[in-house]
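Reproduced below: my_file13.pdb, with PDB, C-alpha atoms.
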```pdb
MODEL        1
ATOM      1  CA  GLN A   1     118.019  83.709 115.728  1.00  0.00           C
ATOM      2  CA  VAL A   2     115.617  84.985 113.108  1.00  0.00           C
ATOM      3  CA  GLN A   3     116.318  85.359 109.415  1.00  0.00           C
ATOM      4  CA  LEU A   4     114.289  87.874 107.437  1.00  0.00           C
ATOM      5  CA  VAL A   5     114.143  88.174 103.663  1.00  0.00           C
ATOM      6  CA  GLU A   6     112.255  91.007 101.984  1.00  0.00           C
ATOM      7  CA  SER A   7     110.937  90.969  98.448  1.00  0.00           C
ATOM      8  CA  GLY A   8     108.583  92.910  96.232  1.00  0.00           C
ATOM      9  CA  GLY A   9     110.387  96.196  95.769  1.00  0.00           C
ATOM     10  CA  GLY A  10     110.652  97.905  92.436  1.00  0.00           C
ATOM     11  CA  LEU A  11     110.112 101.019  90.343  1.00  0.00           C
ATOM     12  CA  VAL A  12     106.584 102.375  90.212  1.00  0.00           C
ATOM     13  CA  GLN A  13     104.867 105.614  89.329  1.00  0.00           C
ATOM     14  CA  ALA A  14     103.259 108.007  91.743  1.00  0.00           C
ATOM     15  CA  GLY A  15      99.792 106.821  92.660  1.00  0.00           C
ATOM     16  CA  ASP A  16     100.610 103.152  92.084  1.00  0.00           C
ATOM     17  CA  SER A  17     100.439 100.374  94.637  1.00  0.00           C
ATOM     18  CA  LEU A  18     103.062  97.872  95.704  1.00  0.00           C
ATOM     19  CA  THR A  19     103.161  95.052  98.215  1.00  0.00           C
ATOM     20  CA  LEU A  20     106.330  94.090 100.051  1.00  0.00           C
ATOM     21  CA  SER A  21     106.763  90.691 101.644  1.00  0.00           C
ATOM     22  CA  CYS A  22     109.081  89.580 104.403  1.00  0.00           C
ATOM     23  CA  ALA A  23     109.601  85.879 104.993  1.00  0.00           C
ATOM     24  CA  ALA A  24     110.876  84.851 108.407  1.00  0.00           C
ATOM     25  CA  SER A  25     112.604  81.715 109.564  1.00  0.00           C
ATOM     26  CA  GLY A  26     114.452  80.443 112.596  1.00  0.00           C
ATOM     27  CA  ARG A  27     111.992  81.091 115.379  1.00  0.00           C
ATOM     28  CA  ALA A  28     108.302  80.730 116.113  1.00  0.00           C
ATOM     29  CA  PHE A  29     106.881  83.382 113.837  1.00  0.00           C
ATOM     30  CA  SER A  30     103.752  83.881 115.898  1.00  0.00           C
ATOM     31  CA  SER A  31     105.836  85.098 118.852  1.00  0.00           C
ATOM     32  CA  LEU A  32     107.476  87.914 116.884  1.00  0.00           C
ATOM     33  CA  THR A  33     106.551  91.573 116.872  1.00  0.00           C
ATOM     34  CA  LEU A  34     107.230  92.819 113.351  1.00  0.00           C
ATOM     35  CA  GLY A  35     108.043  96.197 111.937  1.00  0.00           C
ATOM     36  CA  TRP A  36     108.779  97.946 108.668  1.00  0.00           C
ATOM     37  CA  PHE A  37     111.282 100.759 108.412  1.00  0.00           C
ATOM     38  CA  ARG A  38     112.729 102.691 105.506  1.00  0.00           C
ATOM     39  CA  GLN A  39     115.839 104.662 104.757  1.00  0.00           C
ATOM     40  CA  ALA A  40     116.286 107.198 102.005  1.00  0.00           C
ATOM     41  CA  PRO A  41     119.740 108.330 100.825  1.00  0.00           C
ATOM     42  CA  GLY A  42     121.287 110.711 103.304  1.00  0.00           C
ATOM     43  CA  LYS A  43     118.551 110.201 105.864  1.00  0.00           C
ATOM     44  CA  GLU A  44     118.187 108.180 109.020  1.00  0.00           C
ATOM     45  CA  ARG A  45     116.215 104.988 109.121  1.00  0.00           C
ATOM     46  CA  GLU A  46     112.612 105.815 109.935  1.00  0.00           C
ATOM     47  CA  PHE A  47     109.628 103.945 111.233  1.00  0.00           C
ATOM     48  CA  VAL A  48     106.929 102.985 108.752  1.00  0.00           C
ATOM     49  CA  GLY A  49     104.683 100.650 110.713  1.00  0.00           C
ATOM     50  CA  ALA A  50     104.580  97.706 113.093  1.00  0.00           C
ATOM     51  CA  LEU A  51     102.353  94.843 114.105  1.00  0.00           C
ATOM     52  CA  THR A  52     102.192  93.085 117.450  1.00  0.00           C
ATOM     53  CA  TRP A  53     102.943  89.400 117.827  1.00  0.00           C
ATOM     54  CA  PHE A  54      99.301  88.427 118.032  1.00  0.00           C
ATOM     55  CA  GLY A  55      98.381  90.748 115.184  1.00  0.00           C
ATOM     56  CA  GLY A  56      95.883  92.707 117.198  1.00  0.00           C
ATOM     57  CA  LYS A  57      97.629  96.067 117.252  1.00  0.00           C
ATOM     58  CA  THR A  58      99.197  98.107 114.486  1.00  0.00           C
ATOM     59  CA  ASP A  59     100.915 101.447 114.454  1.00  0.00           C
ATOM     60  CA  TYR A  60     101.919 103.604 111.513  1.00  0.00           C
ATOM     61  CA  ALA A  61     103.982 106.681 110.883  1.00  0.00           C
ATOM     62  CA  ASP A  62     101.836 109.724 110.183  1.00  0.00           C
ATOM     63  CA  SER A  63     103.361 110.004 106.718  1.00  0.00           C
ATOM     64  CA  VAL A  64     101.918 106.643 105.637  1.00  0.00           C
ATOM     65  CA  LYS A  65      98.777 106.406 107.727  1.00  0.00           C
ATOM     66  CA  GLY A  66      95.774 105.663 105.555  1.00  0.00           C
ATOM     67  CA  ARG A  67      97.942 104.559 102.626  1.00  0.00           C
ATOM     68  CA  PHE A  68      99.997 101.647 104.001  1.00  0.00           C
ATOM     69  CA  THR A  69      98.744  98.497 105.700  1.00  0.00           C
ATOM     70  CA  ILE A  70     100.718  95.840 107.562  1.00  0.00           C
ATOM     71  CA  SER A  71      99.456  92.312 107.867  1.00  0.00           C
ATOM     72  CA  ARG A  72     100.857  88.937 108.789  1.00  0.00           C
ATOM     73  CA  ASP A  73     100.200  85.363 107.766  1.00  0.00           C
ATOM     74  CA  ASN A  74     101.424  83.087 110.521  1.00  0.00           C
ATOM     75  CA  ALA A  75     100.825  79.994 108.403  1.00  0.00           C
ATOM     76  CA  LYS A  76     103.295  81.335 105.822  1.00  0.00           C
ATOM     77  CA  ASN A  77     105.686  82.970 108.303  1.00  0.00           C
ATOM     78  CA  THR A  78     105.328  86.159 106.291  1.00  0.00           C
ATOM     79  CA  VAL A  79     104.566  89.791 107.012  1.00  0.00           C
ATOM     80  CA  TYR A  80     103.327  92.136 104.300  1.00  0.00           C
ATOM     81  CA  LEU A  81     103.386  95.863 103.696  1.00  0.00           C
ATOM     82  CA  GLN A  82     100.654  96.939 101.308  1.00  0.00           C
ATOM     83  CA  MET A  83     101.490 100.398  99.959  1.00  0.00           C
ATOM     84  CA  ASN A  84      98.851 102.392  98.114  1.00  0.00           C
ATOM     85  CA  SER A  85      98.869 105.864  96.600  1.00  0.00           C
ATOM     86  CA  LEU A  86     102.639 105.896  96.518  1.00  0.00           C
ATOM     87  CA  LYS A  87     104.443 109.219  96.419  1.00  0.00           C
ATOM     88  CA  PRO A  88     107.965 110.118  95.287  1.00  0.00           C
ATOM     89  CA  GLU A  89     108.842 110.804  98.930  1.00  0.00           C
ATOM     90  CA  ASP A  90     108.171 107.125  99.690  1.00  0.00           C
ATOM     91  CA  THR A  91     111.317 106.269  97.729  1.00  0.00           C
ATOM     92  CA  ALA A  92     113.683 104.412 100.037  1.00  0.00           C
ATOM     93  CA  VAL A  93     115.138 101.061 100.951  1.00  0.00           C
ATOM     94  CA  TYR A  94     112.515  99.252 102.994  1.00  0.00           C
ATOM     95  CA  TYR A  95     113.548  96.960 105.814  1.00  0.00           C
ATOM     96  CA  CYS A  96     111.644  94.332 107.703  1.00  0.00           C
ATOM     97  CA  ALA A  97     112.496  93.976 111.397  1.00  0.00           C
ATOM     98  CA  ALA A  98     111.535  91.611 114.187  1.00  0.00           C
ATOM     99  CA  VAL A  99     111.827  91.249 117.910  1.00  0.00           C
ATOM    100  CA  ALA A 100     110.856  88.298 120.063  1.00  0.00           C
ATOM    101  CA  ALA A 101     108.713  90.319 122.409  1.00  0.00           C
ATOM    102  CA  LYS A 102     105.102  89.673 123.253  1.00  0.00           C
ATOM    103  CA  ILE A 103     104.191  93.300 123.679  1.00  0.00           C
ATOM    104  CA  SER A 104     100.770  94.849 123.487  1.00  0.00           C
ATOM    105  CA  ILE A 105     101.762  98.048 121.695  1.00  0.00           C
ATOM    106  CA  PRO A 106     103.999  97.979 118.585  1.00  0.00           C
ATOM    107  CA  TRP A 107     107.432  99.492 118.966  1.00  0.00           C
ATOM    108  CA  SER A 108     108.602 102.236 116.611  1.00  0.00           C
ATOM    109  CA  ARG A 109     112.315 102.713 117.289  1.00  0.00           C
ATOM    110  CA  PRO A 110     114.892 100.783 115.250  1.00  0.00           C
ATOM    111  CA  SER A 111     116.912 100.099 118.413  1.00  0.00           C
ATOM    112  CA  GLN A 112     113.994  98.083 119.802  1.00  0.00           C
ATOM    113  CA  TYR A 113     114.295  95.451 117.085  1.00  0.00           C
ATOM    114  CA  ASP A 114     116.863  92.674 117.141  1.00  0.00           C
ATOM    115  CA  TYR A 115     116.593  91.178 113.681  1.00  0.00           C
ATOM    116  CA  TRP A 116     116.707  92.853 110.282  1.00  0.00           C
ATOM    117  CA  GLY A 117     116.347  91.890 106.658  1.00  0.00           C
ATOM    118  CA  GLN A 118     118.675  93.034 103.915  1.00  0.00           C
ATOM    119  CA  GLY A 119     116.238  95.587 102.548  1.00  0.00           C
ATOM    120  CA  THR A 120     114.409  96.036  99.270  1.00  0.00           C
ATOM    121  CA  GLN A 121     114.469  99.172  97.124  1.00  0.00           C
ATOM    122  CA  VAL A 122     111.266 101.026  96.373  1.00  0.00           C
ATOM    123  CA  THR A 123     111.482 103.855  93.856  1.00  0.00           C
ATOM    124  CA  VAL A 124     108.485 106.030  93.081  1.00  0.00           C
ATOM    125  CA  SER A 125     108.743 108.257  90.032  1.00  0.00           C
ATOM    126  CA  SER A 126     106.716 111.418  89.620  1.00  0.00           C
TER     127      SER A 126
ENDMDL
END
```
Please re-express this file's structure in structure tokens.
Amino acid sequence: QVQLVESGGGLVQAGDSLTLSCAASGRAFSSLTLGWFRQAPGKEREFVGALTWFGGKTDYADSVKGRFTISRDNAKNTVYLQMNSLKPEDTAVYYCAAVAAKISIPWSRPSQYDYWGQGTQVTVSS
């Protein structure tokens, strides 16, 4: 079992930056492939980005590419989502997800992940 706890959400203005954190516990963190997803009201959960277990490969949704960066700190059992140049359309609940899979290419479908955090709200005002 893996427990995930997100933090760092809040209300910001368009153009601002925000960093989300996700602390993991319960399993060897270094063996986890980690992802970030988001869900806006009335919409399906969508892929934001993911990072392989060894940290060597990342993948991002086209809508955030160049603005968002995922990183991990295995010593702190934490994965981060650095969000720059935020837009109102980035408003959503952001979820951290994990799967104990040593894959070489990050996965982008929610069904591929076994563990989820409770989510943290990000609101970007125009």
Evaluate the PyMOL selection byres ((chain A and resi 16-23) around 6) against this structure - the residues, as a PDB file with C-alpha atoms, in the frame of the given file, please.
```pdb
ATOM      1  CA  LEU A   4     114.289  87.874 107.437  1.00  0.00           C
ATOM      2  CA  VAL A   5     114.143  88.174 103.663  1.00  0.00           C
ATOM      3  CA  GLU A   6     112.255  91.007 101.984  1.00  0.00           C
ATOM      4  CA  SER A   7     110.937  90.969  98.448  1.00  0.00           C
ATOM      5  CA  GLY A   8     108.583  92.910  96.232  1.00  0.00           C
ATOM      6  CA  GLN A  13     104.867 105.614  89.329  1.00  0.00           C
ATOM      7  CA  ALA A  14     103.259 108.007  91.743  1.00  0.00           C
ATOM      8  CA  GLY A  15      99.792 106.821  92.660  1.00  0.00           C
ATOM      9  CA  ALA A  24     110.876  84.851 108.407  1.00  0.00           C
ATOM     10  CA  ASN A  77     105.686  82.970 108.303  1.00  0.00           C
ATOM     11  CA  THR A  78     105.328  86.159 106.291  1.00  0.00           C
ATOM     12  CA  VAL A  79     104.566  89.791 107.012  1.00  0.00           C
ATOM     13  CA  TYR A  80     103.327  92.136 104.300  1.00  0.00           C
ATOM     14  CA  LEU A  81     103.386  95.863 103.696  1.00  0.00           C
ATOM     15  CA  GLN A  82     100.654  96.939 101.308  1.00  0.00           C
ATOM     16  CA  MET A  83     101.490 100.398  99.959  1.00  0.00           C
ATOM     17  CA  ASN A  84      98.851 102.392  98.114  1.00  0.00           C
ATOM     18  CA  SER A  85      98.869 105.864  96.600  1.00  0.00           C
ATOM     19  CA  LEU A  86     102.639 105.896  96.518  1.00  0.00           C
TER      20      LEU A  86
END
```
Apply the PyMOL selection byres ((chain A and resi 40-45) around 10) to the file shown and report the selected residues as a PDB file with C-alpha atoms, in the coordinates of the input.
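Generated output (selection.pdb):
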```pdb
ATOM      1  CA  PHE A  37     111.282 100.759 108.412  1.00  0.00           C
ATOM      2  CA  ARG A  38     112.729 102.691 105.506  1.00  0.00           C
ATOM      3  CA  GLN A  39     115.839 104.662 104.757  1.00  0.00           C
ATOM      4  CA  GLU A  46     112.612 105.815 109.935  1.00  0.00           C
ATOM      5  CA  PHE A  47     109.628 103.945 111.233  1.00  0.00           C
ATOM      6  CA  VAL A  48     106.929 102.985 108.752  1.00  0.00           C
ATOM      7  CA  GLU A  89     108.842 110.804  98.930  1.00  0.00           C
ATOM      8  CA  ASP A  90     108.171 107.125  99.690  1.00  0.00           C
ATOM      9  CA  THR A  91     111.317 106.269  97.729  1.00  0.00           C
ATOM     10  CA  ALA A  92     113.683 104.412 100.037  1.00  0.00           C
ATOM     11  CA  VAL A  93     115.138 101.061 100.951  1.00  0.00           C
ATOM     12  CA  TYR A  94     112.515  99.252 102.994  1.00  0.00           C
ATOM     13  CA  TYR A  95     113.548  96.960 105.814  1.00  0.00           C
ATOM     14  CA  ARG A 109     112.315 102.713 117.289  1.00  0.00           C
ATOM     15  CA  PRO A 110     114.892 100.783 115.250  1.00  0.00           C
ATOM     16  CA  GLN A 121     114.469  99.172  97.124  1.00  0.00           C
ATOM     17  CA  VAL A 122     111.266 101.026  96.373  1.00  0.00           C
TER      18      VAL A 122
END
```
- What is the CA of Thr33 (chain A) to CA of Ala100 (chain A) distance in Å?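 So the two atoms, CA of Thr33 (chain A) and CA of Ala100 (chain A), lie 6.3 Å apart.
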- What does the distance from CA of Trp107 (chain A) to CA of Phe29 (chain A) come to in Å, to one decimal?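 According to the coordinates, CA of Trp107 (chain A) and CA of Phe29 (chain A) are separated by 16.9 Å.
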- All residues 12 Å or closer to Thr58 (chain A), all atoms listed in the file, same chain fewer than 3 positions away omitted, as a list in words: Thr33, Leu34, Gly35, Trp36, Val48, Gly49, Ala50, Leu51, Thr52, Trp53, Phe54, Gly55, Ala61, Lys65, Phe68, Thr69, Ile70, Ser71, Arg72, Leu81, Ile103, Ser104, Ile105, Pro106, Trp107 and Ser108 of chain A
Each side padded by 4 Å, which centre and which edge lengths in Å (one decimal) define the axis-aligned box around the listed atoms of region 74-83 of chain A? Give them as AutoDock Vina command-line options.
```
--center_x 103.2 --center_y 90.2 --center_z 105.2 --size_x 13.0 --size_y 28.4 --size_z 18.6
```
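Interatomic distance, CA of Ser111 (chain A) against CA of Ala97 (chain A): 10.3 Å.
Distances from A:Ala98, A:Ser126, A:Lys57, A:Lys87 to Arg27 (chain A) were compared using all atoms listed in the file, and the smallest one belongs to A:Ala98.
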